[in-house]
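The file input_32.txt contains compact mmCIF, C-alpha atoms:
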```txt
# COMPACT_ATOMS: atom_id res chain seq x y z
CA MET R 1 35.66 121.82 118.66
CA ALA R 2 37.30 123.02 115.45
CA TYR R 3 38.52 126.59 115.16
CA THR R 4 37.30 128.71 112.24
CA SER R 5 39.87 130.24 109.92
CA GLN R 6 39.14 133.65 111.44
CA GLU R 7 39.78 132.32 114.96
CA ILE R 8 43.00 130.69 113.78
CA LEU R 9 44.14 133.95 112.17
CA GLU R 10 43.42 135.89 115.37
CA GLY R 11 45.15 133.32 117.55
CA LEU R 12 48.14 133.14 115.26
CA ALA R 13 48.38 136.94 115.23
CA GLU R 14 48.59 136.95 119.03
CA ILE R 15 51.35 134.32 118.95
CA VAL R 16 53.32 136.22 116.31
CA ALA R 17 52.87 139.51 118.20
CA GLU R 18 54.17 137.87 121.38
CA GLU R 19 57.24 136.48 119.61
CA THR R 20 58.09 139.52 117.47
CA GLY R 21 56.61 142.57 119.16
CA LEU R 22 54.64 143.39 116.00
CA PRO R 23 51.04 144.65 116.37
CA THR R 24 48.47 141.90 115.78
CA ASP R 25 46.92 143.77 112.86
CA ALA R 26 50.23 143.47 111.00
CA VAL R 27 49.68 139.72 110.84
CA ALA R 28 47.47 139.52 107.75
CA PRO R 29 46.92 136.42 105.57
CA GLU R 30 48.92 137.73 102.61
CA LYS R 31 51.99 138.57 104.71
CA SER R 32 55.13 136.50 104.23
CA PHE R 33 56.67 135.37 107.53
CA THR R 34 60.21 136.01 106.34
CA ASP R 35 59.93 138.85 103.80
CA ASP R 36 57.19 140.95 105.43
CA LEU R 37 57.32 140.06 109.13
CA ASP R 38 61.10 139.48 109.35
CA ILE R 39 60.68 136.18 111.19
CA ASP R 40 63.71 133.88 110.99
CA SER R 41 63.61 130.08 111.00
CA LEU R 42 64.19 129.81 114.77
CA SER R 43 61.42 132.29 115.64
CA MET R 44 59.21 130.43 113.18
CA MET R 45 59.74 127.24 115.19
CA THR R 46 58.73 129.05 118.37
CA ILE R 47 55.56 130.31 116.66
CA VAL R 48 54.81 126.83 115.32
CA THR R 49 55.23 125.28 118.77
CA HIS R 50 52.86 127.77 120.38
CA ALA R 51 50.38 127.28 117.51
CA GLU R 52 50.51 123.50 118.00
CA ASP R 53 49.68 123.96 121.66
CA LYS R 54 46.97 126.56 121.10
CA PHE R 55 45.12 124.77 118.30
CA ASP R 56 45.91 121.21 119.38
CA VAL R 57 47.45 120.25 116.05
CA ARG R 58 50.76 118.78 115.00
CA ILE R 59 52.91 120.56 112.42
CA PRO R 60 55.86 118.33 111.39
CA ASP R 61 59.18 120.16 110.98
CA ASP R 62 59.33 119.19 107.31
CA ASP R 63 56.03 120.97 106.65
CA VAL R 64 57.07 124.24 108.27
CA LYS R 65 59.16 125.33 105.29
CA ASN R 66 56.02 125.21 103.12
CA LEU R 67 54.27 127.78 105.31
CA THR R 68 55.37 130.88 103.44
CA THR R 69 52.55 133.24 104.33
CA VAL R 70 50.29 133.69 107.34
CA GLY R 71 47.44 132.46 105.14
CA ASP R 72 49.39 129.25 104.40
CA ALA R 73 49.66 128.62 108.14
CA VAL R 74 45.97 129.32 108.75
CA THR R 75 44.98 126.92 105.98
CA TYR R 76 47.39 124.26 107.25
CA ILE R 77 46.15 124.49 110.84
CA GLU R 78 42.51 124.46 109.73
CA GLY R 79 43.15 121.27 107.75
CA ALA R 80 45.19 119.64 110.51
CA GLN R 81 42.45 119.90 113.13
CA ALA R 82 41.01 116.55 114.10
CA MET B 1 78.65 68.88 149.33
CA SER B 2 79.75 72.02 151.12
CA ALA B 3 77.48 75.06 151.41
CA ARG B 4 78.03 77.73 148.80
CA ALA B 5 79.90 80.81 149.97
CA THR B 6 78.04 84.11 150.30
CA LEU B 7 79.37 86.97 148.20
CA ARG B 8 80.33 90.28 149.63
CA GLN B 9 79.13 93.24 147.56
CA ALA B 10 80.60 96.71 147.56
CA GLU B 11 79.43 98.83 150.49
CA PRO B 12 77.36 101.73 149.21
CA VAL B 13 78.10 105.32 150.16
CA ARG B 14 75.10 107.44 151.01
CA TYR B 15 75.91 110.70 149.19
CA SER B 16 78.17 112.06 146.46
CA ARG B 17 79.12 115.55 145.37
CA ILE B 18 81.25 117.40 142.84
CA TRP B 19 84.54 118.23 144.54
CA SER B 20 85.94 120.50 141.85
CA ILE B 21 85.32 121.80 138.33
CA ALA B 22 87.96 123.14 135.96
CA GLY B 23 88.37 123.96 132.31
CA GLU B 24 90.74 124.57 129.44
CA ARG B 25 89.80 126.59 126.35
CA GLY B 26 91.45 126.58 122.95
CA SER B 27 94.12 129.28 122.89
CA GLU B 28 92.95 131.07 119.73
CA THR B 29 90.09 133.58 119.58
CA VAL B 30 88.16 133.30 116.31
CA THR B 31 85.81 136.18 115.45
CA ASN B 32 82.64 136.03 113.39
CA ASP B 33 84.34 138.08 110.70
CA ASP B 34 87.08 135.43 110.55
CA ILE B 35 84.59 132.75 109.49
CA ALA B 36 81.74 134.68 107.82
CA GLY B 37 83.20 134.74 104.30
CA PRO B 38 82.89 131.08 103.25
CA ILE B 39 79.28 130.93 104.52
CA ASP B 40 78.29 134.24 102.93
CA SER B 41 77.29 135.57 106.34
CA SER B 42 78.15 138.47 108.64
CA ASP B 43 79.05 139.26 112.22
CA GLU B 44 75.58 140.73 112.73
CA TRP B 45 73.76 137.66 111.38
CA ILE B 46 75.82 135.22 113.48
CA ARG B 47 75.30 137.28 116.65
CA GLN B 48 71.57 137.60 116.05
CA ARG B 49 71.21 133.95 115.17
CA THR B 50 73.42 132.42 117.87
CA GLY B 51 74.59 135.00 120.41
CA ILE B 52 78.19 134.09 119.60
CA VAL B 53 80.67 136.95 119.29
CA THR B 54 83.87 134.90 119.28
CA ARG B 55 84.69 131.22 119.75
CA ARG B 56 87.87 129.64 121.13
CA ARG B 57 89.77 127.16 119.02
CA ALA B 58 92.95 125.20 119.61
CA THR B 59 96.02 125.32 117.42
CA GLY B 60 96.94 122.46 115.10
CA ASP B 61 99.51 120.97 117.44
CA VAL B 62 97.00 120.53 120.26
CA ASP B 63 94.69 117.51 120.24
CA VAL B 64 91.62 116.62 122.24
CA LEU B 65 93.60 114.67 124.83
CA ASP B 66 95.88 117.67 125.41
CA LEU B 67 92.83 119.78 126.21
CA ALA B 68 91.40 117.00 128.40
CA GLU B 69 94.69 116.59 130.29
CA ALA B 70 94.97 120.30 131.05
CA ALA B 71 91.44 120.45 132.43
CA ALA B 72 91.86 117.20 134.37
CA ARG B 73 95.07 118.37 136.05
CA LYS B 74 93.42 121.62 137.16
CA ALA B 75 90.38 119.77 138.52
CA LEU B 76 92.60 117.40 140.52
CA ASP B 77 94.65 120.30 141.91
CA THR B 78 91.53 122.18 142.94
CA ALA B 79 90.17 119.08 144.66
CA GLY B 80 93.46 118.60 146.50
CA LEU B 81 93.99 115.22 144.86
CA THR B 82 96.55 113.59 142.62
CA GLY B 83 96.06 111.09 139.82
CA ALA B 84 96.80 108.29 142.28
CA ASP B 85 93.57 109.13 144.14
CA VAL B 86 91.41 108.57 141.06
CA ASP B 87 89.52 105.27 140.74
CA ALA B 88 87.76 105.90 137.45
CA VAL B 89 88.22 108.21 134.46
CA ILE B 90 85.22 108.87 132.20
CA LEU B 91 85.96 110.82 129.04
CA SER B 92 83.16 112.13 126.87
CA THR B 93 84.26 113.17 123.39
CA ILE B 94 83.33 112.83 119.74
CA THR B 95 86.68 114.13 118.48
CA TYR B 96 89.09 111.41 119.57
CA PHE B 97 89.64 109.57 116.31
CA HIS B 98 90.49 106.08 117.53
CA GLN B 99 87.91 103.35 117.91
CA THR B 100 90.33 101.73 120.36
CA PRO B 101 92.09 102.06 122.73
CA SER B 102 90.01 104.61 124.56
CA GLY B 103 91.18 108.16 125.06
CA ALA B 104 90.34 107.79 128.76
CA ALA B 105 92.94 105.03 129.25
CA ILE B 106 95.66 107.18 127.69
CA LEU B 107 94.51 110.21 129.65
CA ALA B 108 94.52 108.23 132.90
CA GLU B 109 98.13 107.25 132.28
CA ARG B 110 99.12 110.81 131.45
CA ILE B 111 97.76 112.18 134.72
CA GLY B 112 99.17 109.36 136.84
CA ALA B 113 95.82 107.73 137.50
CA THR B 114 96.88 104.21 136.40
CA PRO B 115 95.37 101.68 137.21
CA ALA B 116 92.08 103.61 137.44
CA ALA B 117 89.19 102.21 135.42
CA ALA B 118 88.96 104.27 132.25
CA TYR B 119 86.47 104.47 129.42
CA ASP B 120 85.07 106.84 126.83
CA ILE B 121 81.40 107.63 126.40
CA SER B 122 79.69 108.85 123.25
CA ALA B 123 76.91 111.19 124.27
CA ALA B 124 77.93 114.29 122.30
CA CYS B 125 76.71 117.50 123.92
CA ALA B 126 75.03 115.57 126.75
CA GLY B 127 78.31 113.81 127.57
CA TYR B 128 79.26 115.77 130.66
CA ALA B 129 75.84 115.38 132.27
CA TYR B 130 75.87 111.69 131.33
CA GLY B 131 79.30 111.42 132.95
CA ILE B 132 78.22 113.14 136.14
CA GLY B 133 75.26 110.76 136.34
CA GLN B 134 77.57 107.77 135.97
CA ALA B 135 80.13 109.14 138.44
CA ASP B 136 77.39 109.74 141.00
CA ALA B 137 76.25 106.13 140.60
CA LEU B 138 79.80 104.73 140.79
CA VAL B 139 80.61 106.66 143.95
CA ARG B 140 77.36 105.90 145.76
CA SER B 141 77.48 102.22 144.82
CA GLY B 142 80.94 101.92 146.29
CA ALA B 143 82.46 100.98 142.91
CA ALA B 144 84.78 104.00 142.97
CA ARG B 145 85.72 106.63 145.54
CA HIS B 146 86.94 109.41 143.26
CA VAL B 147 85.78 109.67 139.65
CA LEU B 148 87.20 112.11 137.14
CA VAL B 149 84.66 113.18 134.51
CA ILE B 150 85.96 115.03 131.46
CA GLY B 151 84.07 116.50 128.52
CA ALA B 152 86.61 117.38 125.85
CA GLU B 153 86.24 118.38 122.22
CA LYS B 154 88.43 119.69 119.47
CA LEU B 155 85.48 120.40 117.23
CA SER B 156 87.60 122.41 114.81
CA ASP B 157 88.68 118.98 113.54
CA VAL B 158 85.13 118.23 112.34
CA ILE B 159 84.03 121.53 110.84
CA ASP B 160 83.50 122.48 107.21
CA PRO B 161 84.13 126.20 106.71
CA THR B 162 81.43 126.31 104.01
CA ASP B 163 78.76 124.63 106.18
CA ARG B 164 76.00 127.01 107.26
CA SER B 165 74.29 124.59 109.66
CA ILE B 166 76.62 124.07 112.64
CA SER B 167 80.33 124.61 111.93
CA PHE B 168 80.31 128.35 112.67
CA LEU B 169 79.01 127.67 116.19
CA LEU B 170 81.77 125.35 117.25
CA GLY B 171 84.77 125.83 119.53
CA ASP B 172 87.44 123.73 121.24
CA GLY B 173 87.84 123.09 124.95
CA ALA B 174 87.65 120.69 127.86
CA GLY B 175 85.93 120.71 131.22
CA ALA B 176 86.65 118.33 134.06
CA ALA B 177 85.05 117.52 137.39
CA VAL B 178 86.05 115.34 140.29
CA VAL B 179 83.15 113.46 141.88
CA GLY B 180 83.60 111.90 145.30
CA PRO B 181 81.80 110.91 148.48
CA SER B 182 79.97 113.47 150.57
CA ASP B 183 78.41 113.88 154.00
CA THR B 184 75.43 115.66 152.46
CA PRO B 185 73.47 115.25 149.17
CA GLY B 186 75.40 116.86 146.32
CA ILE B 187 74.10 115.38 143.06
CA GLY B 188 70.38 115.02 142.40
CA PRO B 189 68.89 112.17 140.37
CA THR B 190 69.91 112.24 136.71
CA VAL B 191 67.00 112.49 134.29
CA TRP B 192 68.34 111.12 131.04
CA GLY B 193 67.30 109.51 127.81
CA SER B 194 67.63 109.24 124.06
CA ASP B 195 65.58 109.46 120.88
CA GLY B 196 67.27 107.60 118.04
CA ALA B 197 64.35 108.38 115.72
CA LYS B 198 65.97 111.81 115.46
CA ALA B 199 69.47 110.44 114.79
CA GLN B 200 69.77 112.48 111.60
CA ALA B 201 69.00 115.83 113.25
CA ILE B 202 72.70 116.23 114.21
CA ARG B 203 75.00 113.98 112.21
CA GLN B 204 78.30 113.27 110.47
CA THR B 205 78.40 113.80 106.71
CA HIS B 206 79.58 110.18 106.31
CA SER B 207 81.04 107.32 108.31
CA LEU B 208 84.69 106.33 108.53
CA ALA B 209 83.84 103.12 106.65
CA GLU B 210 82.45 105.21 103.80
CA LEU B 211 85.63 107.26 103.87
CA ALA B 212 87.72 104.10 103.62
CA ASN B 213 85.77 103.08 100.50
CA ASP B 214 86.02 106.54 98.98
CA PRO B 215 89.00 108.56 100.19
CA SER B 216 87.88 111.55 98.10
CA LEU B 217 85.16 112.17 100.70
CA GLY B 218 87.74 113.46 103.17
CA MET B 219 87.24 113.47 106.93
CA PRO B 220 83.58 113.59 107.97
CA THR B 221 82.24 116.89 109.26
CA LEU B 222 79.13 117.77 111.24
CA ARG B 223 75.73 118.94 110.04
CA GLN B 224 72.48 119.71 111.82
CA ASP B 225 68.89 120.60 111.00
CA GLY B 226 69.09 123.86 112.93
CA PRO B 227 65.41 124.80 113.23
CA SER B 228 64.38 121.24 114.19
CA VAL B 229 67.11 121.02 116.81
CA PHE B 230 66.15 124.46 118.11
CA LYS B 231 62.54 123.37 118.53
CA TRP B 232 63.45 120.10 120.22
CA ALA B 233 66.00 121.65 122.55
CA SER B 234 63.94 124.70 123.49
CA PHE B 235 60.59 123.05 124.05
CA GLN B 236 61.24 119.39 124.81
CA MET B 237 64.33 119.82 126.98
CA ALA B 238 62.82 122.42 129.33
CA PRO B 239 60.42 119.77 130.74
CA ILE B 240 63.41 117.44 131.24
CA ALA B 241 65.18 120.15 133.25
CA ALA B 242 61.98 120.74 135.22
CA LYS B 243 61.79 117.01 135.95
CA ALA B 244 65.38 117.04 137.24
CA MET B 245 64.38 119.75 139.72
CA ALA B 246 61.27 117.81 140.76
CA GLU B 247 63.25 114.59 141.26
CA ALA B 248 65.81 116.49 143.34
CA GLY B 249 62.97 117.84 145.48
CA VAL B 250 63.61 121.49 144.65
CA GLU B 251 61.57 124.29 143.08
CA PRO B 252 62.78 126.90 140.55
CA ASP B 253 62.98 129.37 143.47
CA ASP B 254 65.53 127.09 145.16
CA ILE B 255 67.95 127.22 142.21
CA GLN B 256 70.76 129.78 142.15
CA VAL B 257 72.41 128.79 138.88
CA PHE B 258 71.24 127.40 135.54
CA VAL B 259 73.83 125.95 133.17
CA PRO B 260 72.34 124.49 130.02
CA HIS B 261 74.56 123.10 127.26
CA GLN B 262 75.91 126.13 125.41
CA ALA B 263 74.36 125.24 122.06
CA ASN B 264 72.95 128.59 120.97
CA MET B 265 71.93 131.68 122.96
CA ARG B 266 68.48 131.55 121.42
CA ILE B 267 67.97 128.07 122.90
CA ILE B 268 69.31 129.19 126.28
CA ASP B 269 66.95 132.18 126.34
CA GLN B 270 63.96 130.09 125.31
CA MET B 271 64.71 127.45 127.98
CA VAL B 272 64.94 130.13 130.68
CA LYS B 273 61.55 131.41 129.53
CA GLN B 274 59.97 127.94 129.43
CA LEU B 275 61.32 127.03 132.88
CA ARG B 276 60.04 130.30 134.40
CA LEU B 277 63.23 130.64 136.38
CA PRO B 278 63.36 133.64 138.75
CA GLU B 279 65.40 136.60 137.49
CA THR B 280 67.78 136.05 140.38
CA VAL B 281 69.00 132.79 138.82
CA VAL B 282 72.45 133.19 137.28
CA VAL B 283 72.48 131.70 133.78
CA GLY B 284 75.63 130.31 132.13
CA ARG B 285 76.20 132.24 128.91
CA ASP B 286 79.80 131.25 128.19
CA ILE B 287 78.80 130.65 124.55
CA VAL B 288 79.22 134.37 123.82
CA ASP B 289 82.99 134.14 123.60
CA THR B 290 83.76 130.41 123.83
CA GLY B 291 81.29 129.09 121.24
CA ASN B 292 79.62 125.68 121.40
CA THR B 293 82.15 123.17 122.77
CA SER B 294 79.74 120.20 123.00
CA ALA B 295 80.56 117.97 126.01
CA ALA B 296 82.88 120.63 127.45
CA SER B 297 80.35 123.45 127.47
CA ILE B 298 78.61 122.86 130.81
CA PRO B 299 81.77 122.53 132.95
CA LEU B 300 83.42 125.44 131.08
CA ALA B 301 80.41 127.68 131.70
CA THR B 302 80.23 126.55 135.33
CA GLU B 303 83.91 127.04 136.14
CA ARG B 304 83.69 130.50 134.64
CA LEU B 305 80.71 131.50 136.79
CA LEU B 306 82.60 130.27 139.86
CA ALA B 307 85.85 131.99 138.85
CA GLU B 308 84.07 135.30 138.23
CA GLY B 309 82.12 135.07 141.48
CA ALA B 310 78.73 135.06 139.76
CA ALA B 311 78.14 131.62 141.28
CA ARG B 312 79.37 130.53 144.69
CA PRO B 313 80.33 127.25 146.30
CA GLY B 314 77.26 125.61 147.77
CA ASP B 315 74.90 127.10 145.19
CA LEU B 316 72.33 124.76 143.69
CA ALA B 317 72.88 124.52 139.94
CA LEU B 318 70.50 123.00 137.41
CA GLN B 319 72.43 121.61 134.46
CA ILE B 320 71.21 119.98 131.26
CA GLY B 321 73.08 118.57 128.30
CA PHE B 322 71.40 117.66 125.00
CA GLY B 323 72.65 116.83 121.55
CA ALA B 324 73.39 114.32 118.82
CA GLY B 325 71.70 110.98 119.30
CA LEU B 326 69.48 112.61 120.14
CA VAL B 327 70.42 112.25 123.81
CA TYR B 328 69.91 114.31 126.93
CA ALA B 329 70.69 114.34 130.66
CA ALA B 330 69.90 116.78 133.45
CA GLN B 331 70.53 116.99 137.16
CA VAL B 332 70.66 119.47 140.03
CA VAL B 333 74.09 119.66 141.66
CA VAL B 334 75.68 121.52 144.56
CA LEU B 335 78.53 123.63 143.19
CA PRO B 336 81.98 122.98 144.66
```
Let me see the structure of the file written as structure tokens.
Amino acid sequence: MAYTSQEILEGLAEIVAEETGLPTDAVAPEKSFTDDLDIDSLSMMTIVTHAEDKFDVRIPDDDVKNLTTVGDAVTYIEGAQA
Amino acid sequence: MSARATLRQAEPVRYSRIWSIAGERGSETVTNDDIAGPIDSSDEWIRQRTGIVTRRRATGDVDVLDLAEAAARKALDTAGLTGADVDAVILSTITYFHQTPSGAAILAERIGATPAAAYDISAACAGYAYGIGQADALVRSGAARHVLVIGAEKLSDVIDPTDRSISFLLGDGAGAAVVGPSDTPGIGPTVWGSDGAKAQAIRQTHSLAELANDPSLGMPTLRQDGPSVFKWASFQMAPIAAKAMAEAGVEPDDIQVFVPHQANMRIIDQMVKQLRLPETVVVGRDIVDTGNTSAASIPLATERLLAEGAARPGDLALQIGFGAGLVYAAQVVVLP
């Protein structure tokens, strides 16, 4: 069963909150992972790994650098679902 | 025609254990401020990113075999042995710059272990755990009674001060262990492997052949894809460590000590989390002031825990090495 973009956003917010300690409502689509949420490249890999597990998708390392905002990640995960 | 003779094969020994562990660190302490300039970084960034406060590096007149010899002599002394008692010397290093002869053969001669079998292995940061796996097999098969395993690196020979990917992590040192027969089980099954599809994740800038064709390239230095290596090490190596416990027939609650390769504190912390180790488990965190010493990091971290009393003889230690190849090896051992 495919997740909706809203479900992906909510799930991603929980993962980011767990990794960073930020409140889930800070994880909005327009937020930049690095500039707004202060997530470095290693924390980003942790978030990506948990997102892969949660949404049953694969996000190749080379694609991670293109995920600038939370919205980019939601769109990517939505498209990567089988 | 006469009947063919029947061969005699070496008599196996039932158990092996680590008899001693010792280390030698580079004599110089290099701070983050010392190296931050050429990479446009800061003490704060390096600490946050790696957990490293200082790293130990050797002086120019010390080479990798000097470090290896110092560690090997201490390990033999601690085990109550001399070089003459050693049947095999296994040296893991990526910073001995001869294709042949091996560093192990020269090291064996230096410590009086001639005519012990001697060979180098190339397993980068997994080299010590690879070596312990081989030593365990050699001892239990009856091929050798006492095996000296050394992980030694002078990584300051392969750093580029302007490289932001790996050079600032690296330190110099050597760790050595004597493996011998035992009345009780002392080394669990080694879970090991490789993934050459990721050969470029940690790499040299160029080969020695390329250097020969273009001397302007200078000596090769190391590079890594940091985030990719972090992800692989943190999330794919934890299951390997868990498998080593399962194959040794122990649970996380049975482990007293966890010594992962000292690659980066962020990897160590993530592995501890993934493995769900009890808080009572003592974790090797020698990286804070030694840096990443590749094949030497596990024995250096272990000998330090023992020297400081944080770990005790007889403790069960889970150890895992992982690095360029990519390669990995893990096992549960009884500490000497």
Quick one: contact table of chain B to chain R, 7 Å max, nearest atom pair and distance in Å to one decimal per residue, counting only C-alpha atoms, chain and number order, as a tab-separated table?
```
residue	atom	partner	partner_atom	distance
B:Pro227	CA	R:Leu42	CA	5.4
B:Ser228	CA	R:Asp61	CA	6.2
B:Phe230	CA	R:Leu42	CA	6.6
B:Lys231	CA	R:Met45	CA	5.8
```
Take the residues from that selection and write them out as a JSON list (two decimals), keeping the file's coordinate frame, keeping C-alpha atoms.
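Dumped everything to out36.json:
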```
[["chain", "number", "residue", "atom", "x", "y", "z"],
["B", 227, "PRO", "CA", 65.41, 124.80, 113.23],
["B", 228, "SER", "CA", 64.38, 121.24, 114.19],
["B", 230, "PHE", "CA", 66.15, 124.46, 118.11],
["B", 231, "LYS", "CA", 62.54, 123.37, 118.53]]
```
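Candidate residues R:Gln6, R:Gln81, R:Thr20, R:Thr68 were compared for distance to Ser32 in chain R, and the nearest is R:Thr68, using all atoms listed in the file.
Between CA of Gly249 in chain B and CA of Ala135 in chain B there is a distance of 20.5 Å.
Between CA of Gly151 in chain B and CA of Ala238 in chain B the interatomic distance comes to 22.1 Å.
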Straight-line distance linking CA of Phe258 in chain B with CA of Gly323 in chain B, stated in Å to one decimal: 17.6 Å
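Of the residues listed (R:Glu52, R:Leu12, R:Ile47, R:Val70), R:Val70 shows the shortest atom-to-atom separation from Glu30 in chain R; distances use all atoms listed in the file.
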12 Å contact set for range 195-199 of chain B, only C-alpha atoms, chain neighbours under 6 positions out, as number ranges by chain: R: 61; B: 123-124, 223-225, 228-229, 232, 236, 322-328
Name all residues at most 8 Å from range 81-96 of chain B (count all atoms listed in the file; drop same-chain ones fewer than 6 positions away) and give them as a CSV table (one decimal) with C-alpha atoms, in the frame of the given file.
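In the end it all went to around38.csv:
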```csv
chain,number,residue,atom,x,y,z
B,64,VAL,CA,91.6,116.6,122.2
B,65,LEU,CA,93.6,114.7,124.8
B,103,GLY,CA,91.2,108.2,125.1
B,104,ALA,CA,90.3,107.8,128.8
B,105,ALA,CA,92.9,105.0,129.2
B,108,ALA,CA,94.5,108.2,132.9
B,111,ILE,CA,97.8,112.2,134.7
B,112,GLY,CA,99.2,109.4,136.8
B,113,ALA,CA,95.8,107.7,137.5
B,114,THR,CA,96.9,104.2,136.4
B,115,PRO,CA,95.4,101.7,137.2
B,116,ALA,CA,92.1,103.6,137.4
B,117,ALA,CA,89.2,102.2,135.4
B,118,ALA,CA,89.0,104.3,132.2
B,119,TYR,CA,86.5,104.5,129.4
B,120,ASP,CA,85.1,106.8,126.8
B,121,ILE,CA,81.4,107.6,126.4
B,122,SER,CA,79.7,108.8,123.2
B,123,ALA,CA,76.9,111.2,124.3
B,124,ALA,CA,77.9,114.3,122.3
B,127,GLY,CA,78.3,113.8,127.6
B,128,TYR,CA,79.3,115.8,130.7
B,131,GLY,CA,79.3,111.4,133.0
B,144,ALA,CA,84.8,104.0,143.0
B,145,ARG,CA,85.7,106.6,145.5
B,146,HIS,CA,86.9,109.4,143.3
B,147,VAL,CA,85.8,109.7,139.6
B,148,LEU,CA,87.2,112.1,137.1
B,149,VAL,CA,84.7,113.2,134.5
B,150,ILE,CA,86.0,115.0,131.5
B,151,GLY,CA,84.1,116.5,128.5
B,152,ALA,CA,86.6,117.4,125.8
B,153,GLU,CA,86.2,118.4,122.2
B,154,LYS,CA,88.4,119.7,119.5
B,155,LEU,CA,85.5,120.4,117.2
B,157,ASP,CA,88.7,119.0,113.5
B,158,VAL,CA,85.1,118.2,112.3
B,295,ALA,CA,80.6,118.0,126.0
```
Residue neighbourhood range 68-76 of chain B, 6 Å, all atoms listed in the file, exclusion window fewer than 6 positions, as JSON, numbers by chain: {"B": [20, 21, 22, 23, 24, 82, 152, 174, 175, 176, 177]}
Residues within 12 Å of (37.1, 125.0, 115.0), counting all atoms listed in the file, listed as a PyMOL selection string: chain R and resi 1-9+11+54-57+74+77-82
Can those selected residues be exported to a file as a compact mmCIF listing (two decimals), in the frame of the given file so that it contains C-alpha atoms?
```
# COMPACT_ATOMS: atom_id res chain seq x y z
CA MET R 1 35.66 121.82 118.66
CA ALA R 2 37.30 123.02 115.45
CA TYR R 3 38.52 126.59 115.16
CA THR R 4 37.30 128.71 112.24
CA SER R 5 39.87 130.24 109.92
CA GLN R 6 39.14 133.65 111.44
CA GLU R 7 39.78 132.32 114.96
CA ILE R 8 43.00 130.69 113.78
CA LEU R 9 44.14 133.95 112.17
CA GLY R 11 45.15 133.32 117.55
CA LYS R 54 46.97 126.56 121.10
CA PHE R 55 45.12 124.77 118.30
CA ASP R 56 45.91 121.21 119.38
CA VAL R 57 47.45 120.25 116.05
CA VAL R 74 45.97 129.32 108.75
CA ILE R 77 46.15 124.49 110.84
CA GLU R 78 42.51 124.46 109.73
CA GLY R 79 43.15 121.27 107.75
CA ALA R 80 45.19 119.64 110.51
CA GLN R 81 42.45 119.90 113.13
CA ALA R 82 41.01 116.55 114.10
```
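Among the candidates R:Ala28, R:Leu22, R:Glu14, R:Phe33, the one nearest to Leu67 in chain R when counting all atoms listed in the file is R:Phe33.
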